[in-house]
Amino acid sequence: MACHNRAQVTKRFFESFKNAKKNEFEFSFVVTNDGSTDETQSIIDSQPLSIKIHYGDGNLYWAKSMEVAESLIDAAPDGILWVNDDLVLNPNCFEKLLYSISTYPNCVLVGQVADIDSGKLLYGGYKRKGRHPLVLELIHSEHSHTEADTFNGNFVYIPSEIWLAVGAIDGNYSHAYADCDYGYRVRKLGYKIRIIPGLIGATNENLQIWPNGRLQKIKQIRSAKNNPTKSQLRFFVRHRKRFGLLLIPIYVVRPFLRILVFNSSLAKNF
């Protein structure tokens with residue numbers, strides 16, 4: 001888990017974890033606190049849990065924070081579980097996970113997360129809809145372990161065998177793309193991704209407020225938490241199989257053209 005300056009949100013996660021039925025699981029947390037200056041660390045320290053922690057300088061962002069956390073795992077457990085600290089876990093989430101592991105033990109398992117207020121599905125597994133690797137459809141899976149092509153990294157169980165084969169999340173991405181990239185890496189090695197039926201929890205939808213001016217929009221879209229060019233290039237070069245190298249410049253430039261021509265900032269981030 002990665003944390004940065006949202007102490008009350010992190011506290012809410014640990015409270016929901018405490019209230020969730022643990023079944024046969026034994027948990028050890030590995031957390032990167034990326035330079036938090038609020039009460040995040042005191043909240044982590046107050047938890048009666050096994051927690052190993054790494055302290056960042058505030059510039060790691062999500063992907064690097066998660067990569068560092070994974071590097072601190074001493075020995076391969078039965079599996080690892082990515083969790084976002086903004087999740088409010090449902091009390092039965094680990095019952096769902098345990099049933100899914102027993103049914104599909106050699107698959108990556110992805111939890112579905114809804115908006116706290118509206119109940120709208122926000123995060124989970126995706127099906128690819130075209131040759132562009134980010135043209136994806138969010139899958140609603142209520143009763144079956146539907147297969148997915150990739151996923152959001154909010155709640156993802158990775159069996160140790162797959163984790164050792166695929167490796168850690170790629171911290172060379174700043175923030176976005178790293179979870180979607182990992183899903184594609186899993187599939188390229190022949191492993192399957194399945195969705196845990198029903199919801200495992202909820203969170204608040206992360207709605208961005210975009211400035212009015214074109215230059216301000218470009219600055220925001222290039223920021224570490226949006227679509228920095230370095231991360232875009234890394235992602236498209238790695239997953240170029242279906243469209244080749246020639247289209248990469250078009251895909252990288254297109255969000256900026258949309259802003260310059262239409263003053264529109266619609267952009268999908270992973």
# chains A, B, ... in the order shown; residues from 1 in each chain; ligands from 1
>>> residues_around(residues="stretch 48-57 of chain A", least_positions_apart="4", cutoff="10 Å", atoms="only C-alpha atoms", output="list in words")
Met1, Ala2, Cys3, His4, Phe14, Lys18, Glu26, Phe27, Ser28, Phe29, Val30, Val31, Thr32, Asn33, Asp34, Gly35, Ser36, Gln41, Ile44, Tyr61, Lys64, Ser65, Val68, Ala69, Leu72 and Ile73 of chain A
>>> write_last_selection(atoms="C-alpha atoms", output="PDB file, in the first residue's frame")
ATOM      1  CA  MET A   1       0.000   0.000   0.000  1.00  0.00           C
ATOM      2  CA  ALA A   2       1.097   3.558  -0.727  1.00  0.00           C
ATOM      3  CA  CYS A   3       0.146   6.561   1.399  1.00  0.00           C
ATOM      4  CA  HIS A   4       0.573  10.295   0.981  1.00  0.00           C
ATOM      5  CA  PHE A  14      -7.683   0.537   8.479  1.00  0.00           C
ATOM      6  CA  LYS A  18     -10.382  -4.222  11.141  1.00  0.00           C
ATOM      7  CA  GLU A  26      -2.755 -13.964   7.860  1.00  0.00           C
ATOM      8  CA  PHE A  27      -1.734 -10.456   6.770  1.00  0.00           C
ATOM      9  CA  SER A  28       1.530  -8.580   6.898  1.00  0.00           C
ATOM     10  CA  PHE A  29       1.408  -5.040   5.574  1.00  0.00           C
ATOM     11  CA  VAL A  30       4.166  -3.394   3.565  1.00  0.00           C
ATOM     12  CA  VAL A  31       3.552   0.346   3.225  1.00  0.00           C
ATOM     13  CA  THR A  32       5.342   3.212   1.539  1.00  0.00           C
ATOM     14  CA  ASN A  33       4.609   6.500   3.250  1.00  0.00           C
ATOM     15  CA  ASP A  34       5.699   8.904   0.541  1.00  0.00           C
ATOM     16  CA  GLY A  35       6.684  11.953   2.534  1.00  0.00           C
ATOM     17  CA  SER A  36       3.405  12.577   4.339  1.00  0.00           C
ATOM     18  CA  GLN A  41       2.402   8.071  10.054  1.00  0.00           C
ATOM     19  CA  ILE A  44      -0.085   3.734  10.695  1.00  0.00           C
ATOM     20  CA  TYR A  61       4.075   8.778  -6.460  1.00  0.00           C
ATOM     21  CA  LYS A  64       7.328   3.820  -7.450  1.00  0.00           C
ATOM     22  CA  SER A  65       5.871   3.666  -3.941  1.00  0.00           C
ATOM     23  CA  VAL A  68       9.490  -0.047  -3.286  1.00  0.00           C
ATOM     24  CA  ALA A  69       6.921  -1.678  -1.009  1.00  0.00           C
ATOM     25  CA  LEU A  72      10.588  -5.026   1.037  1.00  0.00           C
ATOM     26  CA  ILE A  73       8.821  -8.384   1.030  1.00  0.00           C
TER      27      ILE A  73
END
>>> residues_around(residues="A:Pro197", least_positions_apart="6", cutoff="7 Å", atoms="only C-alpha atoms", output="list in words")
Ser141, Glu142, His143, Ser144 and His145 of chain A
>>> write_last_selection(atoms="N, CA and C atoms", output="PDB file, in the first residue's frame")
ATOM      1  N   SER A 141     -19.226  -7.397 -13.196  1.00  0.00           N
ATOM      2  CA  SER A 141     -19.318  -8.845 -12.992  1.00  0.00           C
ATOM      3  C   SER A 141     -19.935  -9.122 -11.630  1.00  0.00           C
ATOM      4  N   GLU A 142     -21.214  -9.422 -11.632  1.00  0.00           N
ATOM      5  CA  GLU A 142     -21.945  -9.573 -10.383  1.00  0.00           C
ATOM      6  C   GLU A 142     -21.893 -10.991  -9.834  1.00  0.00           C
ATOM      7  N   HIS A 143     -21.942 -11.992 -10.729  1.00  0.00           N
ATOM      8  CA  HIS A 143     -22.085 -13.364 -10.256  1.00  0.00           C
ATOM      9  C   HIS A 143     -21.014 -14.319 -10.779  1.00  0.00           C
ATOM     10  N   SER A 144     -20.184 -13.908 -11.713  1.00  0.00           N
ATOM     11  CA  SER A 144     -19.207 -14.831 -12.296  1.00  0.00           C
ATOM     12  C   SER A 144     -17.801 -14.233 -12.262  1.00  0.00           C
ATOM     13  N   HIS A 145     -16.818 -15.118 -12.301  1.00  0.00           N
ATOM     14  CA  HIS A 145     -15.415 -14.699 -12.331  1.00  0.00           C
ATOM     15  C   HIS A 145     -15.009 -14.396 -13.783  1.00  0.00           C
TER      16      HIS A 145
END
>>> residues_around(residues="A:Asp170", least_positions_apart="6", cutoff="10 Å", atoms="only C-alpha atoms", output="PyMOL selection string")
chain A and resi 63-64+66-68+177-179+181-182
>>> residues_around(residues="stretch 125-136 of chain A", least_positions_apart="4", cutoff="8 Å", atoms="only C-alpha atoms", output="ChimeraX atom specification")
/A:110-112,148-152,194-195,236,239-240,242-243,268
>>> atom_distance(atom1="atom CA of A:Pro105", atom2="atom CA of A:Pro159")
7.5 Å
>>> decode(residues="stretch 15-89 of chain A", atoms="C-alpha atoms", output="compact mmCIF listing (two decimals), in the first residue's frame")
# COMPACT_ATOMS: atom_id res chain seq x y z
CA GLU A 15 -11.01 0.76 10.30
CA SER A 16 -12.74 -1.07 7.46
CA PHE A 17 -9.92 -3.65 7.41
CA LYS A 18 -10.38 -4.22 11.14
CA ASN A 19 -14.12 -4.80 10.64
CA ALA A 20 -13.71 -7.19 7.72
CA LYS A 21 -13.86 -10.94 8.36
CA LYS A 22 -10.34 -12.32 7.86
CA ASN A 23 -11.22 -16.01 7.46
CA GLU A 24 -8.06 -18.09 7.10
CA PHE A 25 -5.80 -15.23 6.02
CA GLU A 26 -2.76 -13.96 7.86
CA PHE A 27 -1.73 -10.46 6.77
CA SER A 28 1.53 -8.58 6.90
CA PHE A 29 1.41 -5.04 5.57
CA VAL A 30 4.17 -3.39 3.57
CA VAL A 31 3.55 0.35 3.22
CA THR A 32 5.34 3.21 1.54
CA ASN A 33 4.61 6.50 3.25
CA ASP A 34 5.70 8.90 0.54
CA GLY A 35 6.68 11.95 2.53
CA SER A 36 3.40 12.58 4.34
CA THR A 37 3.44 15.70 6.49
CA ASP A 38 0.04 15.16 8.13
CA GLU A 39 -0.96 12.51 10.69
CA THR A 40 -0.60 9.56 8.29
CA GLN A 41 2.40 8.07 10.05
CA SER A 42 0.87 8.25 13.52
CA ILE A 43 -2.23 6.50 12.20
CA ILE A 44 -0.09 3.73 10.69
CA ASP A 45 1.91 3.42 13.93
CA SER A 46 -1.29 3.06 15.96
CA GLN A 47 -2.45 -0.04 14.07
CA PRO A 48 -2.15 -3.37 15.96
CA LEU A 49 -0.84 -5.02 12.80
CA SER A 50 2.40 -6.31 11.35
CA ILE A 51 3.51 -3.35 9.21
CA LYS A 52 6.84 -2.83 7.49
CA ILE A 53 7.25 0.72 6.27
CA HIS A 54 9.41 2.67 3.85
CA TYR A 55 9.61 6.46 3.99
CA GLY A 56 9.66 8.36 0.70
CA ASP A 57 10.47 12.00 0.08
CA GLY A 58 7.11 12.90 -1.45
CA ASN A 59 8.23 12.41 -5.05
CA LEU A 60 7.75 8.66 -5.50
CA TYR A 61 4.07 8.78 -6.46
CA TRP A 62 1.97 5.63 -6.61
CA ALA A 63 3.88 3.35 -8.98
CA LYS A 64 7.33 3.82 -7.45
CA SER A 65 5.87 3.67 -3.94
CA MET A 66 4.29 0.32 -4.74
CA GLU A 67 7.46 -1.00 -6.36
CA VAL A 68 9.49 -0.05 -3.29
CA ALA A 69 6.92 -1.68 -1.01
CA GLU A 70 7.09 -4.90 -3.01
CA SER A 71 10.89 -4.90 -2.76
CA LEU A 72 10.59 -5.03 1.04
CA ILE A 73 8.82 -8.38 1.03
CA ASP A 74 11.34 -10.76 2.62
CA ALA A 75 10.11 -14.03 1.19
CA ALA A 76 7.35 -15.01 -1.18
CA PRO A 77 4.07 -15.44 0.72
CA ASP A 78 1.12 -17.37 -0.70
CA GLY A 79 0.25 -14.20 -2.54
CA ILE A 80 0.38 -10.44 -2.40
CA LEU A 81 -2.55 -8.05 -2.31
CA TRP A 82 -2.38 -4.51 -3.66
CA VAL A 83 -4.74 -2.19 -1.81
CA ASN A 84 -5.37 1.54 -2.11
CA ASP A 85 -5.55 3.40 1.17
CA ASP A 86 -8.73 5.19 0.06
CA LEU A 87 -10.75 1.95 0.03
CA VAL A 88 -13.58 1.26 2.42
CA LEU A 89 -13.61 -2.53 2.45
